[in-house]
>>> print(open('input-v1.pdb').read())   # PDB, C-alpha atoms and all ligand atoms
MODEL        1
ATOM      1  CA  MET A 703       7.827 -12.861 -13.845
ATOM      2  CA  ALA A 704      11.577 -12.570 -14.011
ATOM      3  CA  ARG A 705      11.769 -13.916 -17.488
ATOM      4  CA  TYR A 706       9.243 -11.472 -18.828
ATOM      5  CA  LYS A 707      10.519  -8.290 -17.393
ATOM      6  CA  THR A 708      13.831  -7.337 -15.941
ATOM      7  CA  LYS A 709      13.895  -5.662 -12.592
ATOM      8  CA  THR A 710      15.739  -2.419 -12.380
ATOM      9  CA  GLY A 711      16.034  -2.449  -8.594
ATOM     10  CA  ALA A 712      14.249   0.860  -8.376
ATOM     11  CA  CYS A 713      10.753   1.342  -7.044
ATOM     12  CA  THR A 714       8.421   2.784  -9.636
ATOM     13  CA  SER A 715       6.334   4.373  -6.925
ATOM     14  CA  CYS A 716       8.709   6.159  -4.557
ATOM     15  CA  GLY A 717      11.847   5.887  -6.649
ATOM     16  CA  ALA A 718      13.884   4.169  -3.954
ATOM     17  CA  GLU A 719      16.742   2.124  -5.327
ATOM     18  CA  VAL A 720      16.649  -0.951  -3.164
ATOM     19  CA  GLY A 721      18.165  -3.441  -5.540
ATOM     20  CA  THR A 722      16.722  -6.721  -6.727
ATOM     21  CA  GLU A 723      17.795  -9.032  -3.953
ATOM     22  CA  ARG A 724      15.037 -11.371  -2.938
ATOM     23  CA  GLY A 725      13.385 -10.395   0.338
ATOM     24  CA  ARG A 726      14.933  -6.966   0.285
ATOM     25  CA  GLY A 727      14.761  -5.587  -3.160
ATOM     26  CA  THR A 728      11.900  -4.694  -5.396
ATOM     27  CA  GLU A 729       8.962  -6.976  -5.952
ATOM     28  CA  TRP A 730       6.421  -7.294  -8.694
ATOM     29  CA  ALA A 731       3.102  -5.874  -7.714
ATOM     30  CA  ASN A 732      -0.076  -6.543  -9.572
ATOM     31  CA  VAL A 733      -1.822  -3.401 -10.698
ATOM     32  CA  SER A 734      -5.339  -4.528 -11.456
ATOM     33  CA  GLY A 735      -5.564  -7.139  -8.718
ATOM     34  CA  ARG A 736      -6.679  -9.669 -11.286
ATOM     35  CA  TYR A 737      -3.256 -11.119 -11.896
ATOM     36  CA  LEU A 738      -3.474 -10.840 -15.592
ATOM     37  CA  ARG A 739      -0.609 -12.372 -17.419
ATOM     38  CA  ASP A 740       0.162  -9.056 -18.870
ATOM     39  CA  LEU A 741       3.405  -7.224 -18.454
ATOM     40  CA  ASP A 742       1.622  -3.953 -18.119
ATOM     41  CA  ASP A 743      -0.306  -5.333 -15.188
ATOM     42  CA  PHE A 744       2.805  -5.496 -13.045
ATOM     43  CA  VAL A 745       4.895  -2.762 -11.591
ATOM     44  CA  GLU A 746       8.128  -2.923  -9.710
ATOM     45  CA  LEU A 747       7.738  -1.738  -6.154
ATOM     46  CA  CYS A 748       9.954  -1.635  -3.114
ATOM     47  CA  ILE A 749       8.767  -3.703  -0.182
ATOM     48  CA  LEU A 750       7.372  -0.723   1.647
ATOM     49  CA  CYS A 751       5.296   0.453  -1.279
ATOM     50  CA  HIS A 752       4.184  -3.078  -1.987
ATOM     51  CA  ARG A 753       2.989  -3.537   1.582
ATOM     52  CA  GLU A 754       1.256  -0.226   1.563
ATOM     53  CA  ARG A 755      -0.504  -1.089  -1.637
ATOM     54  CA  ASP A 756      -1.619  -4.431  -0.238
ATOM     55  CA  ARG A 757      -2.862  -2.774   2.900
ATOM     56  CA  LEU A 758      -4.891  -0.231   0.985
ATOM     57  CA  SER A 759      -6.421  -2.765  -1.352
ATOM     58  CA  ARG A 760      -7.278  -5.041   1.533
ATOM     59  CA  ARG A 761      -8.891  -2.171   3.387
ATOM     60  CA  ALA A 762     -10.883  -1.214   0.343
ATOM     61  CA  LYS A 763     -12.307  -4.701   0.223
ATOM     62  CA  SER A 764     -13.308  -4.697   3.880
ATOM     63  CA  LEU A 765     -14.661  -1.235   4.289
ATOM     64  CA  VAL A 766     -17.693  -2.498   6.152
ATOM     65  CA  GLY A 767     -17.461  -2.206   9.897
ATOM     66  CA  GLY A 768     -14.750  -1.142  12.260
ATOM     67  CA  ALA A 769     -14.557   2.469  11.216
ATOM     68  CA  ALA A 770     -17.219   3.834  13.500
ATOM     69  CA  SER A 771     -15.505   3.121  16.777
ATOM     70  CA  GLY A 772     -13.063   5.350  18.529
ATOM     71  CA  PRO A 773     -13.109   7.987  21.193
ATOM     72  CA  THR A 774     -14.818  11.172  20.269
ATOM     73  CA  GLY A 775     -14.410  14.323  22.258
ATOM     74  CA  ALA A 776     -11.424  13.020  24.210
ATOM     75  CA  GLY A 777      -9.306  15.905  25.318
ATOM     76  CA  GLN A 778     -11.922  18.366  24.288
ATOM     77  CA  ARG A 779     -12.693  21.103  26.742
ATOM     78  CA  GLY A 780     -16.321  21.538  27.444
ATOM     79  CA  THR A 781     -17.808  24.872  26.653
ATOM     80  CA  PRO A 782     -18.311  26.731  29.906
ATOM     81  CA  SER A 783     -21.765  27.927  30.509
ATOM     82  CA  ASN A 784     -22.025  31.592  31.369
ATOM     83  CA  GLU A 785     -25.402  31.529  32.923
TER
HETATM   84 ZN    ZN A 801       8.727   2.387  -3.002
ENDMDL
END
>>> encode(input="input-v1.pdb", output="structure tokens")
Amino acid sequence: MARYKTKTGACTSCGAEVGTERGRGTEWANVSGRYLRDLDDFVELCILCHRERDRLSRRAKSLVGGAASGPTGAGQRGTPSNE
């Protein structure tokens, strides 16, 4: 991607200026998830935003199952009966 677009070192999502150093700086993130060879399909994101985006897109793909577990009513005080 480097020869198509020049990194600015600033995240287009949160605006953090993290530089362009590999492993630390901004990374190209695919917008559509289809990896089109289109410049407009890539945005420059800091690592944190890139991870977050990956996490969200992965979760969106595996929405089935796992969400229905978890303690309900923990720490809730029971309603005292006045009878
Ligand atoms: Zn960011």
>>> residues_around(input="input-v1.pdb", residues="range 741-754 of chain A", least_positions_apart="4", cutoff="9 Å", atoms="all atoms listed in the file", output="mmCIF file with C-alpha atoms, keeping the file's coordinate frame")
data_model
loop_
_atom_site.group_PDB
_atom_site.id
_atom_site.type_symbol
_atom_site.label_atom_id
_atom_site.label_comp_id
_atom_site.auth_asym_id
_atom_site.auth_seq_id
_atom_site.Cartn_x
_atom_site.Cartn_y
_atom_site.Cartn_z
ATOM 1 C CA MET A 703 7.827 -12.861 -13.845
ATOM 2 C CA TYR A 706 9.243 -11.472 -18.828
ATOM 3 C CA LYS A 707 10.519 -8.290 -17.393
ATOM 4 C CA LYS A 709 13.895 -5.662 -12.592
ATOM 5 C CA THR A 710 15.739 -2.419 -12.380
ATOM 6 C CA GLY A 711 16.034 -2.449 -8.594
ATOM 7 C CA ALA A 712 14.249 0.860 -8.376
ATOM 8 C CA CYS A 713 10.753 1.342 -7.044
ATOM 9 C CA THR A 714 8.421 2.784 -9.636
ATOM 10 C CA SER A 715 6.334 4.373 -6.925
ATOM 11 C CA CYS A 716 8.709 6.159 -4.557
ATOM 12 C CA GLY A 717 11.847 5.887 -6.649
ATOM 13 C CA ALA A 718 13.884 4.169 -3.954
ATOM 14 C CA GLU A 719 16.742 2.124 -5.327
ATOM 15 C CA VAL A 720 16.649 -0.951 -3.164
ATOM 16 C CA GLY A 721 18.165 -3.441 -5.540
ATOM 17 C CA GLY A 725 13.385 -10.395 0.338
ATOM 18 C CA ARG A 726 14.933 -6.966 0.285
ATOM 19 C CA GLY A 727 14.761 -5.587 -3.160
ATOM 20 C CA THR A 728 11.900 -4.694 -5.396
ATOM 21 C CA GLU A 729 8.962 -6.976 -5.952
ATOM 22 C CA TRP A 730 6.421 -7.294 -8.694
ATOM 23 C CA ALA A 731 3.102 -5.874 -7.714
ATOM 24 C CA ASN A 732 -0.076 -6.543 -9.572
ATOM 25 C CA VAL A 733 -1.822 -3.401 -10.698
ATOM 26 C CA SER A 734 -5.339 -4.528 -11.456
ATOM 27 C CA GLY A 735 -5.564 -7.139 -8.718
ATOM 28 C CA ARG A 736 -6.679 -9.669 -11.286
ATOM 29 C CA TYR A 737 -3.256 -11.119 -11.896
ATOM 30 C CA LEU A 758 -4.891 -0.231 0.985
ATOM 31 C CA SER A 759 -6.421 -2.765 -1.352
#
>>> axis_aligned_box(input="input-v1.pdb", around="range 721-734 of chain A", padding_each_side="8 Å", output="AutoDock Vina command-line options")
--center_x 6.4 --center_y -7.4 --center_z -5.6 --size_x 39.5 --size_y 24.0 --size_z 27.8
>>> closest_residue(input="input-v1.pdb", among="A:Arg739, A:Thr708, A:Arg755, A:Lys763", to="ligand ZN 801 (chain A)", atoms="all atoms listed in the file")
A:Arg755
